[in-house]
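query.txt follows (compact mmCIF, N, CA and C atoms and all ligand atoms):
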```
# COMPACT_ATOMS: atom_id res chain seq x y z
N MET A 1 56.99 117.25 152.41
CA MET A 1 57.06 118.23 151.33
C MET A 1 56.42 117.64 150.07
N LYS A 2 55.52 118.39 149.45
CA LYS A 2 54.83 117.88 148.26
C LYS A 2 55.82 117.74 147.10
N GLY A 3 55.73 116.60 146.43
CA GLY A 3 56.58 116.40 145.27
C GLY A 3 57.97 115.89 145.60
N ALA A 4 58.28 115.83 146.86
CA ALA A 4 59.62 115.36 147.23
C ALA A 4 59.73 113.87 146.93
N THR A 5 60.88 113.46 146.46
CA THR A 5 61.09 112.06 146.15
C THR A 5 62.07 111.47 147.13
N VAL A 6 61.69 110.38 147.73
CA VAL A 6 62.61 109.70 148.63
C VAL A 6 63.35 108.64 147.81
N VAL A 7 64.64 108.81 147.71
CA VAL A 7 65.44 107.85 146.95
C VAL A 7 65.65 106.62 147.80
N PRO A 8 65.22 105.47 147.27
CA PRO A 8 65.45 104.26 148.05
C PRO A 8 66.94 104.10 148.38
N VAL A 9 67.19 103.86 149.62
CA VAL A 9 68.57 103.77 150.09
C VAL A 9 69.36 102.71 149.31
N ARG A 10 68.69 101.60 149.01
CA ARG A 10 69.45 100.53 148.34
C ARG A 10 69.75 100.87 146.88
N LEU A 11 68.94 101.72 146.27
CA LEU A 11 69.22 102.15 144.89
C LEU A 11 70.47 103.04 144.88
N LEU A 12 70.52 103.93 145.82
CA LEU A 12 71.67 104.83 145.95
C LEU A 12 72.93 104.02 146.29
N ALA A 13 72.79 103.09 147.18
CA ALA A 13 73.94 102.27 147.58
C ALA A 13 74.46 101.45 146.40
N ALA A 14 73.54 100.94 145.60
CA ALA A 14 73.93 100.11 144.45
C ALA A 14 74.67 100.95 143.41
N ALA A 15 74.21 102.18 143.18
CA ALA A 15 74.86 103.06 142.20
C ALA A 15 76.26 103.46 142.66
N ARG A 16 76.40 103.71 143.94
CA ARG A 16 77.71 104.08 144.48
C ARG A 16 78.69 102.90 144.36
N LYS A 17 78.17 101.73 144.63
CA LYS A 17 79.02 100.53 144.63
C LYS A 17 79.49 100.19 143.21
N VAL A 18 78.57 100.21 142.25
CA VAL A 18 78.94 99.79 140.89
C VAL A 18 79.87 100.82 140.23
N ARG A 19 79.80 102.06 140.67
CA ARG A 19 80.69 103.09 140.12
C ARG A 19 82.16 102.68 140.27
N ARG A 20 82.45 101.93 141.30
CA ARG A 20 83.84 101.51 141.53
C ARG A 20 84.33 100.55 140.44
N HIS A 21 83.39 99.99 139.67
CA HIS A 21 83.75 99.05 138.60
C HIS A 21 83.85 99.73 137.23
N ALA A 22 83.59 101.02 137.18
CA ALA A 22 83.62 101.72 135.89
C ALA A 22 84.97 101.50 135.19
N HIS A 23 84.89 101.30 133.89
CA HIS A 23 86.11 101.18 133.08
C HIS A 23 86.26 102.50 132.34
N ALA A 24 87.03 103.41 132.93
CA ALA A 24 87.15 104.75 132.38
C ALA A 24 88.59 105.23 132.37
N PRO A 25 89.49 104.45 131.72
CA PRO A 25 90.90 104.83 131.74
C PRO A 25 91.21 106.05 130.88
N TYR A 26 90.31 106.41 129.99
CA TYR A 26 90.56 107.53 129.06
C TYR A 26 90.05 108.85 129.63
N SER A 27 88.78 108.85 130.05
CA SER A 27 88.21 110.10 130.58
C SER A 27 88.49 110.25 132.07
N LYS A 28 88.71 109.14 132.74
CA LYS A 28 88.85 109.14 134.22
C LYS A 28 87.58 109.67 134.89
N PHE A 29 86.48 109.59 134.17
CA PHE A 29 85.19 110.05 134.70
C PHE A 29 84.37 108.79 135.01
N PHE A 30 84.22 108.51 136.28
CA PHE A 30 83.61 107.25 136.70
C PHE A 30 82.13 107.45 137.02
N VAL A 31 81.30 106.62 136.40
CA VAL A 31 79.85 106.78 136.55
C VAL A 31 79.24 105.45 136.99
N GLY A 32 78.38 105.54 137.99
CA GLY A 32 77.62 104.36 138.44
C GLY A 32 76.14 104.67 138.32
N ALA A 33 75.37 103.68 137.88
CA ALA A 33 73.92 103.91 137.76
C ALA A 33 73.18 102.68 138.28
N ALA A 34 72.05 102.93 138.90
CA ALA A 34 71.20 101.84 139.37
C ALA A 34 69.75 102.19 139.05
N VAL A 35 69.04 101.22 138.50
CA VAL A 35 67.62 101.42 138.17
C VAL A 35 66.78 100.45 139.00
N VAL A 36 65.54 100.87 139.26
CA VAL A 36 64.60 99.96 139.92
C VAL A 36 63.49 99.67 138.93
N ASP A 37 63.15 98.38 138.81
CA ASP A 37 62.15 97.99 137.81
C ASP A 37 60.76 97.90 138.43
N GLU A 38 59.80 97.45 137.62
CA GLU A 38 58.39 97.43 138.04
C GLU A 38 58.13 96.42 139.16
N ARG A 39 59.10 95.53 139.39
CA ARG A 39 58.95 94.56 140.47
C ARG A 39 59.79 94.93 141.68
N GLY A 40 60.38 96.11 141.63
CA GLY A 40 61.18 96.56 142.76
C GLY A 40 62.60 96.02 142.77
N ARG A 41 62.95 95.37 141.69
CA ARG A 41 64.31 94.83 141.61
C ARG A 41 65.29 95.91 141.15
N VAL A 42 66.52 95.83 141.67
CA VAL A 42 67.56 96.80 141.34
C VAL A 42 68.54 96.20 140.33
N HIS A 43 68.89 96.98 139.32
CA HIS A 43 69.87 96.56 138.30
C HIS A 43 70.90 97.67 138.16
N VAL A 44 72.14 97.29 137.92
CA VAL A 44 73.20 98.29 137.92
C VAL A 44 74.00 98.30 136.63
N GLY A 45 74.67 99.42 136.40
CA GLY A 45 75.57 99.55 135.25
C GLY A 45 76.61 100.62 135.53
N CYS A 46 77.78 100.47 134.91
CA CYS A 46 78.81 101.49 135.00
C CYS A 46 79.25 101.83 133.58
N ASN A 47 79.94 102.94 133.42
CA ASN A 47 80.41 103.26 132.07
C ASN A 47 81.57 102.36 131.69
N VAL A 48 81.57 101.96 130.42
CA VAL A 48 82.60 101.07 129.90
C VAL A 48 83.20 101.72 128.66
N GLU A 49 84.43 102.21 128.82
CA GLU A 49 85.10 102.91 127.72
C GLU A 49 85.90 101.93 126.87
N ASN A 50 86.37 102.44 125.73
CA ASN A 50 87.14 101.61 124.81
C ASN A 50 88.23 102.47 124.16
N ALA A 51 89.32 101.81 123.77
CA ALA A 51 90.40 102.52 123.09
C ALA A 51 89.89 103.16 121.80
N SER A 52 88.89 102.56 121.23
CA SER A 52 88.18 103.19 120.11
C SER A 52 87.04 103.98 120.76
N TYR A 53 87.32 105.23 121.07
CA TYR A 53 86.49 106.02 122.00
C TYR A 53 84.98 105.95 121.74
N GLY A 54 84.62 105.94 120.48
CA GLY A 54 83.19 105.98 120.14
C GLY A 54 82.41 104.76 120.58
N LEU A 55 83.10 103.72 120.99
CA LEU A 55 82.42 102.50 121.42
C LEU A 55 82.00 102.56 122.88
N THR A 56 82.38 103.61 123.55
CA THR A 56 82.03 103.79 124.97
C THR A 56 80.53 103.69 125.18
N VAL A 57 80.15 103.00 126.26
CA VAL A 57 78.74 102.93 126.63
C VAL A 57 78.58 103.53 128.02
N CYS A 58 77.59 104.38 128.15
CA CYS A 58 77.35 105.06 129.42
C CYS A 58 76.79 104.12 130.48
N ALA A 59 76.97 104.51 131.73
CA ALA A 59 76.48 103.73 132.87
C ALA A 59 74.95 103.54 132.82
N GLU A 60 74.25 104.61 132.46
CA GLU A 60 72.78 104.55 132.45
C GLU A 60 72.29 103.49 131.47
N ARG A 61 72.85 103.49 130.27
CA ARG A 61 72.41 102.52 129.27
C ARG A 61 72.79 101.09 129.67
N ASN A 62 73.94 100.94 130.31
CA ASN A 62 74.31 99.60 130.75
C ASN A 62 73.38 99.11 131.86
N ALA A 63 72.92 100.01 132.71
CA ALA A 63 71.98 99.62 133.77
C ALA A 63 70.64 99.20 133.16
N VAL A 64 70.19 99.95 132.17
CA VAL A 64 68.93 99.60 131.50
C VAL A 64 69.08 98.24 130.80
N ALA A 65 70.20 98.03 130.15
CA ALA A 65 70.42 96.76 129.45
C ALA A 65 70.41 95.59 130.44
N ALA A 66 71.01 95.79 131.60
CA ALA A 66 71.03 94.73 132.62
C ALA A 66 69.61 94.44 133.10
N ALA A 67 68.80 95.49 133.23
CA ALA A 67 67.42 95.32 133.67
C ALA A 67 66.63 94.52 132.64
N VAL A 68 66.78 94.89 131.40
CA VAL A 68 66.04 94.20 130.32
C VAL A 68 66.48 92.73 130.25
N ALA A 69 67.79 92.51 130.37
CA ALA A 69 68.30 91.13 130.31
C ALA A 69 67.77 90.28 131.45
N ALA A 70 67.43 90.93 132.57
CA ALA A 70 66.91 90.20 133.74
C ALA A 70 65.38 90.05 133.66
N GLY A 71 64.80 90.55 132.57
CA GLY A 71 63.36 90.37 132.39
C GLY A 71 62.51 91.56 132.77
N ALA A 72 63.16 92.68 133.12
CA ALA A 72 62.38 93.88 133.48
C ALA A 72 61.65 94.41 132.26
N ARG A 73 60.49 95.00 132.52
CA ARG A 73 59.68 95.58 131.45
C ARG A 73 59.65 97.10 131.52
N SER A 74 59.87 97.63 132.72
CA SER A 74 59.90 99.08 132.84
C SER A 74 60.82 99.51 133.98
N VAL A 75 61.20 100.77 133.90
CA VAL A 75 62.11 101.34 134.89
C VAL A 75 61.38 102.48 135.59
N LYS A 76 61.39 102.45 136.91
CA LYS A 76 60.67 103.46 137.69
C LYS A 76 61.54 104.63 138.12
N ALA A 77 62.80 104.34 138.38
CA ALA A 77 63.70 105.38 138.86
C ALA A 77 65.14 104.98 138.56
N ILE A 78 65.98 106.00 138.45
CA ILE A 78 67.41 105.74 138.26
C ILE A 78 68.19 106.68 139.16
N VAL A 79 69.26 106.17 139.73
CA VAL A 79 70.20 107.00 140.48
C VAL A 79 71.53 106.96 139.73
N VAL A 80 72.09 108.13 139.49
CA VAL A 80 73.37 108.23 138.79
C VAL A 80 74.37 108.89 139.73
N VAL A 81 75.50 108.22 139.92
CA VAL A 81 76.54 108.74 140.81
C VAL A 81 77.78 109.13 140.02
N THR A 82 78.18 110.40 140.16
CA THR A 82 79.43 110.90 139.57
C THR A 82 80.07 111.85 140.59
N ASN A 83 81.29 112.25 140.31
CA ASN A 83 81.90 113.23 141.23
C ASN A 83 81.86 114.63 140.63
N ALA A 84 80.97 114.84 139.65
CA ALA A 84 80.90 116.14 138.99
C ALA A 84 80.12 117.15 139.82
N ALA A 85 80.54 118.39 139.75
CA ALA A 85 79.84 119.48 140.41
C ALA A 85 79.79 120.68 139.45
N PRO A 86 78.61 121.10 139.05
CA PRO A 86 77.31 120.54 139.38
C PRO A 86 77.18 119.12 138.84
N PRO A 87 76.25 118.35 139.39
CA PRO A 87 76.15 116.93 139.02
C PRO A 87 75.87 116.72 137.54
N ALA A 88 76.49 115.68 136.99
CA ALA A 88 76.32 115.36 135.58
C ALA A 88 74.94 114.73 135.37
N SER A 89 74.27 115.21 134.34
CA SER A 89 72.95 114.72 133.99
C SER A 89 73.09 113.73 132.84
N PRO A 90 72.20 112.74 132.75
CA PRO A 90 72.33 111.74 131.66
C PRO A 90 72.39 112.41 130.29
N CYS A 91 73.23 111.86 129.42
CA CYS A 91 73.37 112.42 128.07
C CYS A 91 72.09 112.18 127.27
N GLY A 92 72.00 112.83 126.14
CA GLY A 92 70.79 112.74 125.32
C GLY A 92 70.44 111.32 124.92
N ALA A 93 71.46 110.55 124.53
CA ALA A 93 71.20 109.17 124.11
C ALA A 93 70.61 108.36 125.26
N CYS A 94 71.16 108.54 126.45
CA CYS A 94 70.66 107.80 127.61
C CYS A 94 69.24 108.23 127.98
N ARG A 95 68.93 109.49 127.80
CA ARG A 95 67.57 109.96 128.09
C ARG A 95 66.58 109.26 127.18
N GLN A 96 66.91 109.14 125.91
CA GLN A 96 66.01 108.47 124.97
C GLN A 96 65.87 106.98 125.31
N VAL A 97 66.96 106.36 125.72
CA VAL A 97 66.90 104.94 126.10
C VAL A 97 66.06 104.76 127.37
N LEU A 98 66.23 105.65 128.33
CA LEU A 98 65.41 105.59 129.55
C LEU A 98 63.93 105.76 129.20
N ALA A 99 63.65 106.65 128.25
CA ALA A 99 62.27 106.93 127.86
C ALA A 99 61.59 105.69 127.26
N GLU A 100 62.38 104.82 126.67
CA GLU A 100 61.83 103.59 126.09
C GLU A 100 61.21 102.70 127.17
N PHE A 101 61.78 102.77 128.36
CA PHE A 101 61.35 101.86 129.44
C PHE A 101 60.73 102.57 130.64
N GLY A 102 60.68 103.89 130.59
CA GLY A 102 60.13 104.62 131.73
C GLY A 102 58.99 105.52 131.35
N ALA A 103 58.01 105.57 132.21
CA ALA A 103 56.91 106.51 132.01
C ALA A 103 57.45 107.92 132.27
N ASP A 104 56.63 108.91 131.97
CA ASP A 104 57.06 110.30 132.17
C ASP A 104 57.49 110.55 133.61
N ALA A 105 56.91 109.79 134.53
CA ALA A 105 57.18 110.02 135.95
C ALA A 105 58.50 109.42 136.42
N LEU A 106 59.22 108.71 135.53
CA LEU A 106 60.51 108.13 135.93
C LEU A 106 61.37 109.23 136.54
N THR A 107 61.90 108.97 137.70
CA THR A 107 62.73 109.98 138.35
C THR A 107 64.21 109.69 138.14
N VAL A 108 64.94 110.75 137.91
CA VAL A 108 66.38 110.68 137.72
C VAL A 108 67.01 111.41 138.90
N THR A 109 67.75 110.68 139.70
CA THR A 109 68.40 111.28 140.86
C THR A 109 69.90 111.31 140.65
N LEU A 110 70.47 112.47 140.86
CA LEU A 110 71.91 112.65 140.69
C LEU A 110 72.54 112.76 142.06
N ALA A 111 73.56 111.95 142.29
CA ALA A 111 74.16 111.90 143.62
C ALA A 111 75.68 111.89 143.53
N ALA A 112 76.29 112.22 144.65
CA ALA A 112 77.76 112.25 144.76
C ALA A 112 78.25 110.90 145.30
N PRO A 113 79.53 110.61 145.09
CA PRO A 113 80.09 109.36 145.61
C PRO A 113 79.95 109.22 147.13
N THR A 114 79.79 110.34 147.81
CA THR A 114 79.59 110.30 149.27
C THR A 114 78.20 109.77 149.64
N GLY A 115 77.31 109.78 148.63
CA GLY A 115 75.93 109.38 148.90
C GLY A 115 75.00 110.58 149.03
N LYS A 116 75.56 111.76 148.94
CA LYS A 116 74.74 112.97 149.03
C LYS A 116 73.90 113.11 147.77
N VAL A 117 72.59 113.24 147.96
CA VAL A 117 71.68 113.43 146.83
C VAL A 117 71.69 114.90 146.44
N LEU A 118 72.01 115.17 145.16
CA LEU A 118 72.17 116.55 144.72
C LEU A 118 70.96 117.09 143.98
N ARG A 119 70.24 116.20 143.31
CA ARG A 119 69.11 116.68 142.52
C ARG A 119 68.24 115.50 142.10
N THR A 120 66.94 115.71 142.09
CA THR A 120 66.03 114.71 141.53
C THR A 120 65.11 115.43 140.55
N VAL A 121 65.01 114.84 139.36
CA VAL A 121 64.22 115.46 138.30
C VAL A 121 63.45 114.37 137.56
N ARG A 122 62.31 114.74 137.00
CA ARG A 122 61.56 113.76 136.21
C ARG A 122 62.15 113.65 134.82
N LEU A 123 62.14 112.43 134.27
CA LEU A 123 62.67 112.23 132.92
C LEU A 123 61.93 113.14 131.93
N ALA A 124 60.63 113.30 132.12
CA ALA A 124 59.85 114.13 131.20
C ALA A 124 60.37 115.56 131.14
N ASP A 125 60.99 116.01 132.23
CA ASP A 125 61.55 117.37 132.23
C ASP A 125 62.91 117.41 131.55
N LEU A 126 63.63 116.28 131.59
CA LEU A 126 64.93 116.22 130.92
C LEU A 126 64.77 116.00 129.41
N LEU A 127 63.70 115.29 129.05
CA LEU A 127 63.47 114.95 127.64
C LEU A 127 61.98 115.15 127.31
N PRO A 128 61.60 116.39 127.12
CA PRO A 128 60.17 116.68 126.96
C PRO A 128 59.52 116.09 125.72
N GLU A 129 60.26 115.94 124.65
CA GLU A 129 59.64 115.41 123.42
C GLU A 129 60.43 114.23 122.90
N ARG A 130 60.31 113.12 123.66
CA ARG A 130 61.05 111.93 123.25
C ARG A 130 60.55 111.43 121.90
N PHE A 131 61.41 110.73 121.21
CA PHE A 131 61.01 110.14 119.93
C PHE A 131 60.13 108.93 120.19
N VAL A 132 59.00 108.88 119.53
CA VAL A 132 58.17 107.68 119.57
C VAL A 132 57.88 107.28 118.14
N LEU A 133 57.90 105.97 117.91
CA LEU A 133 57.66 105.47 116.56
C LEU A 133 56.17 105.65 116.23
N ALA A 134 55.90 106.19 115.08
CA ALA A 134 54.49 106.42 114.68
C ALA A 134 53.75 105.10 114.59
N GLU A 135 52.45 105.16 114.83
CA GLU A 135 51.58 103.98 114.73
C GLU A 135 51.85 103.27 113.40
N GLY A 136 52.07 101.96 113.48
CA GLY A 136 52.32 101.22 112.26
C GLY A 136 53.78 101.22 111.85
N GLY A 137 54.62 101.90 112.62
CA GLY A 137 56.04 101.90 112.34
C GLY A 137 56.43 102.86 111.22
N ALA A 138 57.71 102.81 110.88
CA ALA A 138 58.22 103.72 109.86
C ALA A 138 57.70 103.29 108.48
N ARG A 139 57.43 104.25 107.65
CA ARG A 139 56.95 103.95 106.29
C ARG A 139 57.96 104.46 105.28
N1 LIG B 201 79.08 108.97 130.73
C1 LIG B 201 78.13 108.22 131.33
O1 LIG B 201 78.39 107.10 131.78
N2 LIG B 201 76.87 108.72 131.42
C2 LIG B 201 76.47 109.91 130.88
O2 LIG B 201 75.30 110.25 130.93
C3 LIG B 201 77.46 110.78 130.25
C4 LIG B 201 78.84 110.28 130.18
C5 LIG B 201 80.43 108.44 130.62
C6 LIG B 201 80.85 108.11 129.23
C7 LIG B 201 82.36 108.24 129.33
O3 LIG B 201 82.88 107.01 129.79
C8 LIG B 201 82.58 109.29 130.39
O4 LIG B 201 81.35 109.39 131.09
C9 LIG B 201 82.97 110.64 129.85
O5 LIG B 201 82.11 111.06 128.87
```
This entry written out as structure tokens:
Amino acid sequence: MKGATVVPVRLLAAARKVRRHAHAPYSKFFVGAAVVDERGRVHVGCNVENASYGLTVCAERNAVAAAVAAGARSVKAIVVVTNAAPPASPCGACRQVLAEFGADALTVTLAAPTGKVLRTVRLADLLPERFVLAEGGAR
């Protein structure tokens, strides 16, 4: 099928596995994310909540941070696992963070804890006009 994306099995498996480590005692909404970098390496993140709610960090951003800390320069794809129906899509902040490290073609795959893939979409479709710093930076 033209345009179909095959989600690497190990990316999906990694996102499902790390979801079990989510620290979500307040929302009880557990999220696992796994990204694949330009070298084919997989990095994972889960959501980490805090008693001071606003300090919560999403799974997607934690996965990107882990990738960057491991020396990754770009992200090719992300798999996000939640038990939401319809599947939860990355929040606006996470979309902008993904855009920093992913080309327009970065694919976002939403999957269930069972491993069922529910949707795959391009980041460019989720965030059509990402913020980019003007040439020469802010003035
Ligand atoms: N959450 C994520 O991890 N990713 C998202 O894209 C949206 C929301 C987390 C944050 C919080 O721990 C819980 O889900 C409920 O908002």
With distances taken over only C-alpha atoms, which of A:Ala85, A:Leu126, A:Val79, A:Leu106 is nearest to A:Ala34?
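Selected residue with least distance to A:Ala34: A:Val79.
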From the options A:Ala24, A:Leu98, A:Ala77, A:Val18, which residue's atoms come nearest to ligand LIG 201 (chain B), counting all atoms listed in the file?
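Residue with the minimum atom-to-atom distance to ligand LIG 201 (chain B): A:Ala24.
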Surroundings of ligand LIG 201 (chain B) up to 8 Å, based on only C-alpha atoms and all ligand atoms, as a PyMOL selection string
chain A and resi 23-24+26-32+46-49+56-61+88-92+94
How would the residues just chosen look if you wrote them out with N, CA and C atoms as a short mmCIF file (atom, residue, chain, number, x, y, z; two decimals), keeping the file's coordinate frame?
```cif
data_model
loop_
_atom_site.label_atom_id
_atom_site.label_comp_id
_atom_site.auth_asym_id
_atom_site.auth_seq_id
_atom_site.Cartn_x
_atom_site.Cartn_y
_atom_site.Cartn_z
N HIS A 23 84.89 101.30 133.89
CA HIS A 23 86.11 101.18 133.08
C HIS A 23 86.26 102.50 132.34
N ALA A 24 87.03 103.41 132.93
CA ALA A 24 87.15 104.75 132.38
C ALA A 24 88.59 105.23 132.37
N TYR A 26 90.31 106.41 129.99
CA TYR A 26 90.56 107.53 129.06
C TYR A 26 90.05 108.85 129.63
N SER A 27 88.78 108.85 130.05
CA SER A 27 88.21 110.10 130.58
C SER A 27 88.49 110.25 132.07
N LYS A 28 88.71 109.14 132.74
CA LYS A 28 88.85 109.14 134.22
C LYS A 28 87.58 109.67 134.89
N PHE A 29 86.48 109.59 134.17
CA PHE A 29 85.19 110.05 134.70
C PHE A 29 84.37 108.79 135.01
N PHE A 30 84.22 108.51 136.28
CA PHE A 30 83.61 107.25 136.70
C PHE A 30 82.13 107.45 137.02
N VAL A 31 81.30 106.62 136.40
CA VAL A 31 79.85 106.78 136.55
C VAL A 31 79.24 105.45 136.99
N GLY A 32 78.38 105.54 137.99
CA GLY A 32 77.62 104.36 138.44
C GLY A 32 76.14 104.67 138.32
N CYS A 46 77.78 100.47 134.91
CA CYS A 46 78.81 101.49 135.00
C CYS A 46 79.25 101.83 133.58
N ASN A 47 79.94 102.94 133.42
CA ASN A 47 80.41 103.26 132.07
C ASN A 47 81.57 102.36 131.69
N VAL A 48 81.57 101.96 130.42
CA VAL A 48 82.60 101.07 129.90
C VAL A 48 83.20 101.72 128.66
N GLU A 49 84.43 102.21 128.82
CA GLU A 49 85.10 102.91 127.72
C GLU A 49 85.90 101.93 126.87
N THR A 56 82.38 103.61 123.55
CA THR A 56 82.03 103.79 124.97
C THR A 56 80.53 103.69 125.18
N VAL A 57 80.15 103.00 126.26
CA VAL A 57 78.74 102.93 126.63
C VAL A 57 78.58 103.53 128.02
N CYS A 58 77.59 104.38 128.15
CA CYS A 58 77.35 105.06 129.42
C CYS A 58 76.79 104.12 130.48
N ALA A 59 76.97 104.51 131.73
CA ALA A 59 76.48 103.73 132.87
C ALA A 59 74.95 103.54 132.82
N GLU A 60 74.25 104.61 132.46
CA GLU A 60 72.78 104.55 132.45
C GLU A 60 72.29 103.49 131.47
N ARG A 61 72.85 103.49 130.27
CA ARG A 61 72.41 102.52 129.27
C ARG A 61 72.79 101.09 129.67
N ALA A 88 76.49 115.68 136.99
CA ALA A 88 76.32 115.36 135.58
C ALA A 88 74.94 114.73 135.37
N SER A 89 74.27 115.21 134.34
CA SER A 89 72.95 114.72 133.99
C SER A 89 73.09 113.73 132.84
N PRO A 90 72.20 112.74 132.75
CA PRO A 90 72.33 111.74 131.66
C PRO A 90 72.39 112.41 130.29
N CYS A 91 73.23 111.86 129.42
CA CYS A 91 73.37 112.42 128.07
C CYS A 91 72.09 112.18 127.27
N GLY A 92 72.00 112.83 126.14
CA GLY A 92 70.79 112.74 125.32
C GLY A 92 70.44 111.32 124.92
N CYS A 94 71.16 108.54 126.45
CA CYS A 94 70.66 107.80 127.61
C CYS A 94 69.24 108.23 127.98
#
```
Select from stretch 6-107 of chain A everything DSSP, run on the backbone, classes as strand (DSSP E or B), then give the selection as a list in words.
His23, Gly32, Ala33, Ala34, Val35, Val36, Asp37, Val42, His43, Val44, Gly45, Cys46, Val48, Val57, Val75, Lys76, Ala77, Ile78, Val79, Val80, Val81 and Thr107 of chain A
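Between atom C of A:Glu135 and atom N of A:Phe101 the interatomic distance comes to 18.0 Å.
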For each of A:Val75, A:Val44, A:Glu129, A:Leu110, take the minimum atom-to-atom distance to A:Ala14, counting only N, CA and C atoms, then give the residue where this is smallest.
A:Val44
Atomic separation - atom N of A:Thr120 relative to atom C of A:Asn83, Å
15.0 Å
What does the distance between atom C of A:Gly40 and atom CA of A:Ala66 come to in Å, to one decimal place?
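Taking atom C of A:Gly40 as the start and atom CA of A:Ala66 as the end point, the length is 13.3 Å.
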Within 8 Å of (62.9, 101.8, 127.6), in the coordinates the file gives, what residues turn up when you count only N, CA and C atoms, written out as a PyMOL selection string?
chain A and resi 64+73-75+96-103
Just list as a count of residues only whatever in chain A DSSP marks as alpha helix (DSSP H).
36
Considering all atoms listed in the file, return as an mmCIF file with N, CA and C atoms, in the frame of the given file whatever protein or nucleic-acid residues lie within 8 Å of A:Gly115, sequence-local ones (same chain, fewer than 2 positions apart) excluded.
```cif
data_model
loop_
_atom_site.group_PDB
_atom_site.id
_atom_site.type_symbol
_atom_site.label_atom_id
_atom_site.label_comp_id
_atom_site.auth_asym_id
_atom_site.auth_seq_id
_atom_site.Cartn_x
_atom_site.Cartn_y
_atom_site.Cartn_z
ATOM 1 N N LEU A 12 70.520 103.930 145.820
ATOM 2 C CA LEU A 12 71.670 104.830 145.950
ATOM 3 C C LEU A 12 72.930 104.020 146.290
ATOM 4 N N ALA A 13 72.790 103.090 147.180
ATOM 5 C CA ALA A 13 73.940 102.270 147.580
ATOM 6 C C ALA A 13 74.460 101.450 146.400
ATOM 7 N N ARG A 16 76.400 103.710 143.940
ATOM 8 C CA ARG A 16 77.710 104.080 144.480
ATOM 9 C C ARG A 16 78.690 102.900 144.360
ATOM 10 N N VAL A 81 75.500 108.220 139.920
ATOM 11 C CA VAL A 81 76.540 108.740 140.810
ATOM 12 C C VAL A 81 77.780 109.130 140.020
ATOM 13 N N LEU A 110 70.470 112.470 140.860
ATOM 14 C CA LEU A 110 71.910 112.650 140.690
ATOM 15 C C LEU A 110 72.540 112.760 142.060
ATOM 16 N N ALA A 111 73.560 111.950 142.290
ATOM 17 C CA ALA A 111 74.160 111.900 143.620
ATOM 18 C C ALA A 111 75.680 111.890 143.530
ATOM 19 N N ALA A 112 76.290 112.220 144.650
ATOM 20 C CA ALA A 112 77.760 112.250 144.760
ATOM 21 C C ALA A 112 78.250 110.900 145.300
ATOM 22 N N PRO A 113 79.530 110.610 145.090
ATOM 23 C CA PRO A 113 80.090 109.360 145.610
ATOM 24 C C PRO A 113 79.950 109.220 147.130
ATOM 25 N N VAL A 117 72.590 113.240 147.960
ATOM 26 C CA VAL A 117 71.680 113.430 146.830
ATOM 27 C C VAL A 117 71.690 114.900 146.440
ATOM 28 N N LEU A 118 72.010 115.170 145.160
ATOM 29 C CA LEU A 118 72.170 116.550 144.720
ATOM 30 C C LEU A 118 70.960 117.090 143.980
#
```
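You can rank A:Leu133, A:Leu127, A:Ala22, A:Val9 by their closest distance to A:Asn50 using only C-alpha atoms, and at the top of that list sits A:Ala22.
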(61.4, 111.4, 135.9) in this file's frame - what residues fall within 7 Å of it? Use only N, CA and C atoms and give the answer as a PyMOL selection string.
chain A and resi 103-108+121-126
Minimum-distance residue to A:Val36, chosen among A:Thr109, A:Arg19, A:Ile78, A:Thr114 (using only N, CA and C atoms)
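Residue with the minimum atom-to-atom distance to A:Val36: A:Ile78.
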Compare A:Arg119, A:Ala72, A:Val35, A:Gly54 by their minimum atom-to-atom distance to A:Pro87, counting only N, CA and C atoms, and give me the closest one.
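Closest residue, counting only N, CA and C atoms: A:Arg119.
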